[in-house]
$ cat my_file24.cif   # mmCIF, C-alpha atoms
data_work
loop_
_atom_site.group_PDB
_atom_site.id
_atom_site.type_symbol
_atom_site.label_atom_id
_atom_site.label_comp_id
_atom_site.auth_asym_id
_atom_site.auth_seq_id
_atom_site.Cartn_x
_atom_site.Cartn_y
_atom_site.Cartn_z
ATOM 1 C CA MET A 1 100.562 93.751 126.921
ATOM 2 C CA SER A 2 98.738 90.519 127.500
ATOM 3 C CA ARG A 3 95.353 89.941 129.025
ATOM 4 C CA PRO A 4 95.170 88.182 132.365
ATOM 5 C CA GLY A 5 95.516 84.441 131.820
ATOM 6 C CA ASN A 6 97.077 84.802 128.337
ATOM 7 C CA ARG A 7 100.701 84.401 127.463
ATOM 8 C CA PRO A 8 102.522 87.566 126.403
ATOM 9 C CA VAL A 9 103.025 88.053 122.681
ATOM 10 C CA PRO A 10 106.663 87.401 121.717
ATOM 11 C CA GLY A 11 108.571 90.067 119.840
ATOM 12 C CA LEU A 12 108.087 89.961 116.069
ATOM 13 C CA ARG A 13 110.994 89.313 113.742
ATOM 14 C CA ALA A 14 111.263 90.000 110.023
ATOM 15 C CA SER A 15 110.557 86.342 109.309
ATOM 16 C CA ASP A 16 107.350 86.316 111.361
ATOM 17 C CA GLY A 17 103.948 86.779 109.790
ATOM 18 C CA THR A 18 101.764 84.981 107.317
ATOM 19 C CA PRO A 19 103.407 84.010 104.024
ATOM 20 C CA ILE A 20 101.462 85.123 100.959
ATOM 21 C CA GLU A 21 100.803 81.537 99.913
ATOM 22 C CA GLU A 22 98.981 80.918 103.220
ATOM 23 C CA ALA A 23 97.161 84.264 103.444
ATOM 24 C CA PRO A 24 93.350 84.389 103.528
ATOM 25 C CA LEU A 25 91.420 85.764 100.567
ATOM 26 C CA TRP A 26 90.687 89.134 102.178
ATOM 27 C CA VAL A 27 94.400 89.745 102.770
ATOM 28 C CA LEU A 28 95.115 88.888 99.131
ATOM 29 C CA ALA A 29 92.408 91.344 98.054
ATOM 30 C CA ILE A 30 93.952 94.110 100.161
ATOM 31 C CA PHE A 31 97.412 93.295 98.802
ATOM 32 C CA THR A 32 96.010 93.409 95.246
ATOM 33 C CA CYS A 33 94.560 96.882 95.900
ATOM 34 C CA ILE A 34 97.835 98.132 97.345
ATOM 35 C CA LEU A 35 99.777 96.686 94.437
ATOM 36 C CA TRP A 36 97.300 98.283 92.000
ATOM 37 C CA LEU A 37 97.938 101.684 93.624
ATOM 38 C CA ILE A 38 101.612 101.253 92.722
ATOM 39 C CA THR A 39 101.038 99.621 89.351
ATOM 40 C CA PHE A 40 98.565 102.146 87.905
ATOM 41 C CA PRO A 41 100.885 105.190 87.901
ATOM 42 C CA ALA A 42 103.735 102.917 86.833
ATOM 43 C CA VAL A 43 101.762 101.741 83.784
ATOM 44 C CA VAL A 44 100.869 105.362 82.958
ATOM 45 C CA GLY A 45 104.525 106.384 83.342
ATOM 46 C CA PHE A 46 105.663 103.453 81.216
ATOM 47 C CA LEU A 47 103.154 104.297 78.456
ATOM 48 C CA ALA A 48 104.024 108.001 78.582
ATOM 49 C CA GLY A 49 107.741 107.252 78.504
ATOM 50 C CA TRP A 50 107.319 105.237 75.314
ATOM 51 C CA GLY A 51 104.942 107.808 73.802
ATOM 52 C CA PHE A 52 101.802 105.658 73.913
ATOM 53 C CA TRP A 53 99.910 107.639 76.570
ATOM 54 C CA ARG A 54 96.855 109.379 75.107
ATOM 55 C CA GLY A 55 95.094 110.257 78.364
ATOM 56 C CA ALA A 56 92.768 107.232 78.521
ATOM 57 C CA LYS A 57 92.857 106.245 82.190
ATOM 58 C CA LEU A 58 90.454 103.292 82.107
ATOM 59 C CA PRO A 59 92.562 101.016 79.853
ATOM 60 C CA ALA A 60 95.664 101.837 81.892
ATOM 61 C CA ALA A 61 93.795 101.167 85.137
ATOM 62 C CA LEU A 62 92.518 97.831 83.832
ATOM 63 C CA ALA A 63 95.990 96.849 82.637
ATOM 64 C CA ALA A 64 97.398 97.762 86.052
ATOM 65 C CA LEU A 65 94.666 95.731 87.746
ATOM 66 C CA ALA A 66 95.464 92.753 85.520
ATOM 67 C CA ILE A 67 99.166 93.014 86.398
ATOM 68 C CA ALA A 68 98.375 93.261 90.123
ATOM 69 C CA VAL A 69 95.989 90.290 90.016
ATOM 70 C CA VAL A 70 98.450 88.130 88.053
ATOM 71 C CA LEU A 71 101.244 88.953 90.495
ATOM 72 C CA VAL A 72 99.163 88.256 93.610
ATOM 73 C CA VAL A 73 97.567 85.091 92.239
ATOM 74 C CA GLY A 74 100.918 83.881 90.931
ATOM 75 C CA LEU A 75 102.586 84.437 94.281
ATOM 76 C CA ALA A 76 99.697 83.070 96.344
ATOM 77 C CA ALA A 77 99.258 79.924 94.224
ATOM 78 C CA ARG A 78 102.809 78.707 94.835
ATOM 79 C CA LYS A 79 103.612 75.917 97.228
ATOM 80 C CA PRO A 80 105.309 77.186 100.384
ATOM 81 C CA TRP A 81 108.992 77.706 99.682
ATOM 82 C CA PRO A 82 111.934 78.094 102.046
ATOM 83 C CA ARG A 83 112.643 81.753 102.652
ATOM 84 C CA PRO A 84 116.213 82.886 101.953
ATOM 85 C CA THR A 85 118.485 83.383 104.934
ATOM 86 C CA ALA A 86 121.535 85.576 105.284
ATOM 87 C CA THR A 87 123.846 82.566 105.426
ATOM 88 C CA ASP A 88 122.402 80.713 102.415
ATOM 89 C CA PRO A 89 124.168 81.789 99.195
ATOM 90 C CA ARG A 90 121.628 80.074 96.896
ATOM 91 C CA ASP A 91 118.309 81.628 95.963
ATOM 92 C CA ARG A 92 115.759 78.848 96.446
ATOM 93 C CA ARG A 93 112.730 80.928 95.537
ATOM 94 C CA PRO A 94 110.530 79.704 92.675
ATOM 95 C CA LEU A 95 111.132 81.235 89.238
ATOM 96 C CA PHE A 96 107.870 83.226 89.270
ATOM 97 C CA VAL A 97 108.784 84.784 92.621
ATOM 98 C CA ARG A 98 112.193 85.860 91.314
ATOM 99 C CA PHE A 99 110.651 87.152 88.059
ATOM 100 C CA SER A 100 107.937 89.126 89.861
ATOM 101 C CA THR A 101 110.562 90.790 92.063
ATOM 102 C CA TRP A 102 112.522 91.746 88.954
ATOM 103 C CA LEU A 103 109.353 93.026 87.268
ATOM 104 C CA ILE A 104 108.404 95.229 90.194
ATOM 105 C CA VAL A 105 111.881 96.651 90.787
ATOM 106 C CA THR A 106 113.010 97.259 87.205
ATOM 107 C CA LEU A 107 109.814 98.119 85.362
ATOM 108 C CA LEU A 108 107.230 99.394 87.821
ATOM 109 C CA VAL A 109 109.065 101.330 90.532
ATOM 110 C CA PRO A 110 111.120 103.608 88.220
ATOM 111 C CA ASN A 111 108.001 104.641 86.318
ATOM 112 C CA VAL A 112 105.785 105.460 89.324
ATOM 113 C CA LEU A 113 107.064 109.036 89.705
ATOM 114 C CA PHE A 114 106.701 109.762 86.008
ATOM 115 C CA GLY A 115 103.191 108.277 86.021
ATOM 116 C CA VAL A 116 102.160 110.401 88.997
ATOM 117 C CA LEU A 117 103.534 113.487 87.250
ATOM 118 C CA VAL A 118 101.693 112.641 84.027
ATOM 119 C CA LEU A 119 98.429 112.020 85.878
ATOM 120 C CA THR A 120 98.581 115.215 87.955
ATOM 121 C CA HIS A 121 100.306 117.700 85.609
ATOM 122 C CA GLU A 122 98.163 120.311 83.911
ATOM 123 C CA GLY A 123 99.279 121.906 80.689
ATOM 124 C CA PRO A 124 101.829 120.600 78.196
ATOM 125 C CA PRO A 125 103.023 117.075 78.915
ATOM 126 C CA LEU A 126 106.285 116.545 80.749
ATOM 127 C CA THR A 127 109.137 114.738 79.116
ATOM 128 C CA TYR A 128 110.865 111.782 80.708
ATOM 129 C CA GLU A 129 114.012 113.874 81.140
ATOM 130 C CA GLN A 130 112.090 116.521 83.107
ATOM 131 C CA ALA A 131 110.676 113.828 85.384
ATOM 132 C CA LEU A 132 114.176 112.380 85.827
ATOM 133 C CA LEU A 133 115.514 115.801 86.818
ATOM 134 C CA LEU A 134 112.635 116.272 89.262
ATOM 135 C CA GLY A 135 113.361 112.854 90.776
ATOM 136 C CA ALA A 136 117.047 113.759 91.074
ATOM 137 C CA LEU A 137 116.107 117.048 92.753
ATOM 138 C CA ILE A 138 113.843 115.240 95.236
ATOM 139 C CA SER A 139 116.608 112.722 95.942
ATOM 140 C CA ALA A 140 119.137 115.513 96.467
ATOM 141 C CA ILE A 141 116.804 117.270 98.913
ATOM 142 C CA GLN A 142 116.268 114.002 100.795
ATOM 143 C CA ALA A 143 120.012 113.352 100.905
ATOM 144 C CA THR A 144 120.675 116.873 102.196
ATOM 145 C CA LEU A 145 118.050 116.505 104.921
ATOM 146 C CA ALA A 146 119.497 113.125 105.918
ATOM 147 C CA TRP A 147 122.997 114.633 106.028
ATOM 148 C CA ILE A 148 121.787 117.509 108.223
ATOM 149 C CA ASP A 149 120.020 115.021 110.498
ATOM 150 C CA SER A 150 123.180 112.920 110.814
ATOM 151 C CA LEU A 151 125.161 116.057 111.701
ATOM 152 C CA LYS A 152 122.621 116.926 114.389
ATOM 153 C CA ARG A 153 122.771 113.391 115.784
ATOM 154 C CA ARG A 154 126.559 113.397 115.742
ATOM 155 C CA ARG A 155 126.660 116.787 117.451
ATOM 156 C CA ALA A 156 124.164 115.622 120.096
ATOM 157 C CA GLY A 157 126.395 112.642 120.895
ATOM 158 C CA ARG A 158 129.468 114.801 121.601
ATOM 159 C CA PRO A 159 130.263 116.334 124.964
ATOM 160 C CA GLU A 160 129.088 119.919 125.487
ATOM 161 C CA LYS A 161 132.638 121.310 125.270
ATOM 162 C CA ASP A 162 132.891 120.242 121.634
ATOM 163 C CA ASP A 163 129.572 121.969 120.823
ATOM 164 C CA GLN A 164 130.862 125.266 122.206
ATOM 165 C CA ARG A 165 133.866 125.257 119.882
ATOM 166 C CA VAL A 166 131.756 124.957 116.708
#
$ encode --input "my_file24.cif" --output "structure tokens"
Amino acid sequence: MSRPGNRPVPGLRASDGTPIEEAPLWVLAIFTCILWLITFPAVVGFLAGWGFWRGAKLPAALAALAIAVVLVVGLAARKPWPRPTATDPRDRRPLFVRFSTWLIVTLLVPNVLFGVLVLTHEGPPLTYEQALLLGALISAIQATLAWIDSLKRRRAGRPEKDDQRV
């Protein structure tokens, strides 16, 4: 809704918004905090997976903060770059942007669950295999719930006569 005398706000698209390289400092600070919340358990999971976790949270938290700050500053300090489109086969993003995406997806995200389990688990430490099995169980439950939901949606879209036969 728009106020009287103002133009209505157009619908937002995925390409709308402020690019990180043009964002104000307070937005970068919030993004750093959010990224730290992902990076901290990932660092703990990474250390525990390699057998280097000894329970010291402060060094892991500081390392995660350093990673988050380097990623945000590295992304924000770039010159504006053309965003990829669906029709452009070339990736025109700067090297640091491509590397940071790889870093987040291949190193941080897979270790978040294990880090959360290590940080919250009481008793003997979990192994990486146990965390992998727990992640597979969670994924299987999610897939089953999604399958049930799709069946319900499909059944709701059919005429009533088909529902009576089932």
$ closest_residue --input "my_file24.cif" --among "A:Ile141, A:Leu58, A:Ala146, A:Leu95" --to "Phe40 in chain A" --atoms "only C-alpha atoms"
A:Leu58
$ closest_residue --input "my_file24.cif" --among "A:Leu28, A:Leu75, A:Ile20, A:Leu132" --to "Val112 in chain A" --atoms "all atoms listed in the file"
A:Leu132
$ closest_residue --input "my_file24.cif" --among "A:Ala63, A:Leu119, A:Arg154, A:Pro19" --to "Trp81 in chain A" --atoms "all atoms listed in the file"
A:Pro19
$ residues_near_point --input "my_file24.cif" --point "(107.7, 109.0, 82.5)" --cutoff "12 Å" --atoms "all atoms listed in the file" --output "number ranges by chain"
A: 41-53, 107-119, 121, 125-135
$ axis_aligned_box --input "my_file24.cif" --around "range 62-79 of chain A" --padding-each-side "8 Å" --output "AutoDock Vina command-line options"
--center_x 98.1 --center_y 86.9 --center_z 89.9 --size_x 27.1 --size_y 37.9 --size_z 30.6
$ atom_distance --input "my_file24.cif" --atom1 "CA of Pro59 in chain A" --atom2 "CA of Arg98 in chain A"
27.3 Å
$ resolve_selection --input "my_file24.cif" --expression "the PyMOL selection byres ((chain A and resi 72) around 9)" --output "JSON, numbers by chain"
{"A": [20, 28, 29, 31, 32, 35, 67, 68, 69, 70, 71, 73, 74, 75, 76, 77]}
$ atom_distance --input "my_file24.cif" --atom1 "CA of Pro82 in chain A" --atom2 "CA of Ala66 in chain A"
27.6 Å
$ atom_distance --input "my_file24.cif" --atom1 "CA of Thr87 in chain A" --atom2 "CA of Thr18 in chain A"
22.3 Å
$ closest_residue --input "my_file24.cif" --among "A:Ala64, A:Thr120, A:Gln142, A:Glu22" --to "Lys79 in chain A" --atoms "only C-alpha atoms"
A:Glu22
$ decode --input "my_file24.cif" --residues "range 89-105 of chain A" --atoms "all heavy atoms" --output "compact mmCIF listing (two decimals), in the first residue's frame"
# COMPACT_ATOMS: atom_id res chain seq x y z
N PRO A 89 25.99 -17.56 -20.48
CA PRO A 89 26.68 -18.80 -20.10
C PRO A 89 27.98 -18.55 -19.34
O PRO A 89 28.46 -19.44 -18.66
CB PRO A 89 26.95 -19.48 -21.44
CG PRO A 89 27.03 -18.37 -22.41
CD PRO A 89 26.08 -17.31 -21.92
N ARG A 90 28.55 -17.36 -19.44
CA ARG A 90 29.82 -17.07 -18.76
C ARG A 90 29.58 -16.53 -17.36
O ARG A 90 28.63 -15.81 -17.11
CB ARG A 90 30.61 -16.02 -19.55
CG ARG A 90 31.13 -16.58 -20.84
CD ARG A 90 31.98 -15.61 -21.61
NE ARG A 90 32.48 -14.51 -20.80
CZ ARG A 90 32.90 -13.35 -21.29
NH1 ARG A 90 32.85 -13.15 -22.58
NH2 ARG A 90 33.36 -12.41 -20.52
N ASP A 91 30.45 -16.91 -16.45
CA ASP A 91 30.40 -16.40 -15.08
C ASP A 91 31.33 -15.20 -15.00
O ASP A 91 32.55 -15.34 -15.05
CB ASP A 91 30.83 -17.49 -14.11
CG ASP A 91 30.56 -17.11 -12.67
OD1 ASP A 91 30.05 -16.00 -12.42
OD2 ASP A 91 30.83 -17.95 -11.79
N ARG A 92 30.76 -14.00 -14.91
CA ARG A 92 31.56 -12.78 -14.92
C ARG A 92 31.88 -12.27 -13.51
O ARG A 92 32.39 -11.18 -13.37
CB ARG A 92 30.82 -11.70 -15.70
CG ARG A 92 30.58 -12.06 -17.13
CD ARG A 92 29.71 -11.03 -17.81
NE ARG A 92 29.25 -11.50 -19.09
CZ ARG A 92 29.71 -11.04 -20.24
NH1 ARG A 92 30.62 -10.12 -20.26
NH2 ARG A 92 29.25 -11.53 -21.36
N ARG A 93 31.57 -13.07 -12.51
CA ARG A 93 31.84 -12.62 -11.15
C ARG A 93 33.34 -12.59 -10.89
O ARG A 93 34.09 -13.39 -11.46
CB ARG A 93 31.17 -13.56 -10.14
CG ARG A 93 29.68 -13.56 -10.23
CD ARG A 93 29.07 -14.55 -9.28
NE ARG A 93 29.56 -15.89 -9.58
CZ ARG A 93 29.44 -16.92 -8.76
NH1 ARG A 93 28.85 -16.79 -7.61
NH2 ARG A 93 29.91 -18.10 -9.11
N PRO A 94 33.79 -11.69 -10.00
CA PRO A 94 35.22 -11.66 -9.66
C PRO A 94 35.65 -12.98 -9.00
O PRO A 94 34.84 -13.72 -8.45
CB PRO A 94 35.33 -10.50 -8.67
CG PRO A 94 34.13 -9.66 -8.91
CD PRO A 94 33.06 -10.58 -9.38
N LEU A 95 36.95 -13.25 -9.05
CA LEU A 95 37.49 -14.50 -8.52
C LEU A 95 37.16 -14.68 -7.04
O LEU A 95 36.79 -15.77 -6.60
CB LEU A 95 39.01 -14.55 -8.74
CG LEU A 95 39.70 -15.80 -8.24
CD1 LEU A 95 39.20 -17.02 -8.99
CD2 LEU A 95 41.20 -15.67 -8.39
N PHE A 96 37.28 -13.63 -6.24
CA PHE A 96 37.01 -13.74 -4.81
C PHE A 96 35.55 -14.11 -4.56
O PHE A 96 35.24 -14.88 -3.65
CB PHE A 96 37.35 -12.44 -4.07
CG PHE A 96 37.20 -12.57 -2.59
CD1 PHE A 96 38.21 -13.15 -1.83
CD2 PHE A 96 36.06 -12.13 -1.94
CE1 PHE A 96 38.07 -13.29 -0.46
CE2 PHE A 96 35.92 -12.26 -0.57
CZ PHE A 96 36.92 -12.84 0.16
N VAL A 97 34.65 -13.59 -5.36
CA VAL A 97 33.23 -13.91 -5.20
C VAL A 97 32.99 -15.38 -5.50
O VAL A 97 32.29 -16.08 -4.77
CB VAL A 97 32.36 -13.01 -6.11
CG1 VAL A 97 30.90 -13.40 -6.03
CG2 VAL A 97 32.55 -11.55 -5.73
N ARG A 98 33.59 -15.88 -6.57
CA ARG A 98 33.44 -17.30 -6.91
C ARG A 98 34.09 -18.18 -5.84
O ARG A 98 33.55 -19.20 -5.44
CB ARG A 98 34.04 -17.59 -8.28
CG ARG A 98 33.16 -17.05 -9.40
CD ARG A 98 33.71 -17.38 -10.74
NE ARG A 98 34.79 -16.43 -11.00
CZ ARG A 98 35.69 -16.57 -11.93
NH1 ARG A 98 35.69 -17.63 -12.70
NH2 ARG A 98 36.61 -15.66 -12.12
N PHE A 99 35.27 -17.78 -5.34
CA PHE A 99 35.95 -18.56 -4.31
C PHE A 99 35.16 -18.58 -3.01
O PHE A 99 35.05 -19.61 -2.36
CB PHE A 99 37.35 -18.00 -4.05
CG PHE A 99 38.03 -18.65 -2.89
CD1 PHE A 99 38.53 -19.94 -2.99
CD2 PHE A 99 38.15 -17.99 -1.68
CE1 PHE A 99 39.14 -20.55 -1.91
CE2 PHE A 99 38.75 -18.60 -0.60
CZ PHE A 99 39.25 -19.88 -0.71
N SER A 100 34.59 -17.43 -2.62
CA SER A 100 33.84 -17.38 -1.36
C SER A 100 32.59 -18.25 -1.45
O SER A 100 32.21 -18.90 -0.48
CB SER A 100 33.49 -15.95 -1.00
OG SER A 100 32.63 -15.38 -1.96
N THR A 101 31.96 -18.29 -2.61
CA THR A 101 30.80 -19.18 -2.78
C THR A 101 31.22 -20.63 -2.63
O THR A 101 30.56 -21.41 -1.94
CB THR A 101 30.17 -18.94 -4.17
OG1 THR A 101 29.85 -17.56 -4.30
CG2 THR A 101 28.93 -19.78 -4.36
N TRP A 102 32.33 -20.99 -3.23
CA TRP A 102 32.85 -22.35 -3.10
C TRP A 102 33.18 -22.66 -1.64
O TRP A 102 32.86 -23.73 -1.13
CB TRP A 102 34.10 -22.50 -3.98
CG TRP A 102 34.78 -23.81 -3.78
CD1 TRP A 102 34.46 -25.00 -4.36
CD2 TRP A 102 35.88 -24.07 -2.90
NE1 TRP A 102 35.31 -25.99 -3.91
CE2 TRP A 102 36.19 -25.44 -3.00
CE3 TRP A 102 36.62 -23.27 -2.03
CZ2 TRP A 102 37.21 -26.03 -2.28
CZ3 TRP A 102 37.65 -23.86 -1.32
CH2 TRP A 102 37.93 -25.23 -1.44
N LEU A 103 33.82 -21.72 -0.96
CA LEU A 103 34.20 -21.92 0.44
C LEU A 103 32.98 -22.18 1.31
O LEU A 103 32.96 -23.12 2.11
CB LEU A 103 34.97 -20.70 0.96
CG LEU A 103 35.34 -20.71 2.43
CD1 LEU A 103 36.47 -21.69 2.66
CD2 LEU A 103 35.73 -19.33 2.90
N ILE A 104 31.96 -21.38 1.13
CA ILE A 104 30.75 -21.51 1.95
C ILE A 104 30.06 -22.85 1.66
O ILE A 104 29.67 -23.57 2.58
CB ILE A 104 29.82 -20.31 1.72
CG1 ILE A 104 30.44 -19.04 2.31
CG2 ILE A 104 28.45 -20.56 2.34
CD1 ILE A 104 29.74 -17.78 1.92
N VAL A 105 29.91 -23.18 0.40
CA VAL A 105 29.12 -24.37 0.04
C VAL A 105 29.87 -25.67 0.33
O VAL A 105 29.29 -26.64 0.80
CB VAL A 105 28.71 -24.30 -1.45
CG1 VAL A 105 28.08 -25.59 -1.91
CG2 VAL A 105 27.75 -23.15 -1.65
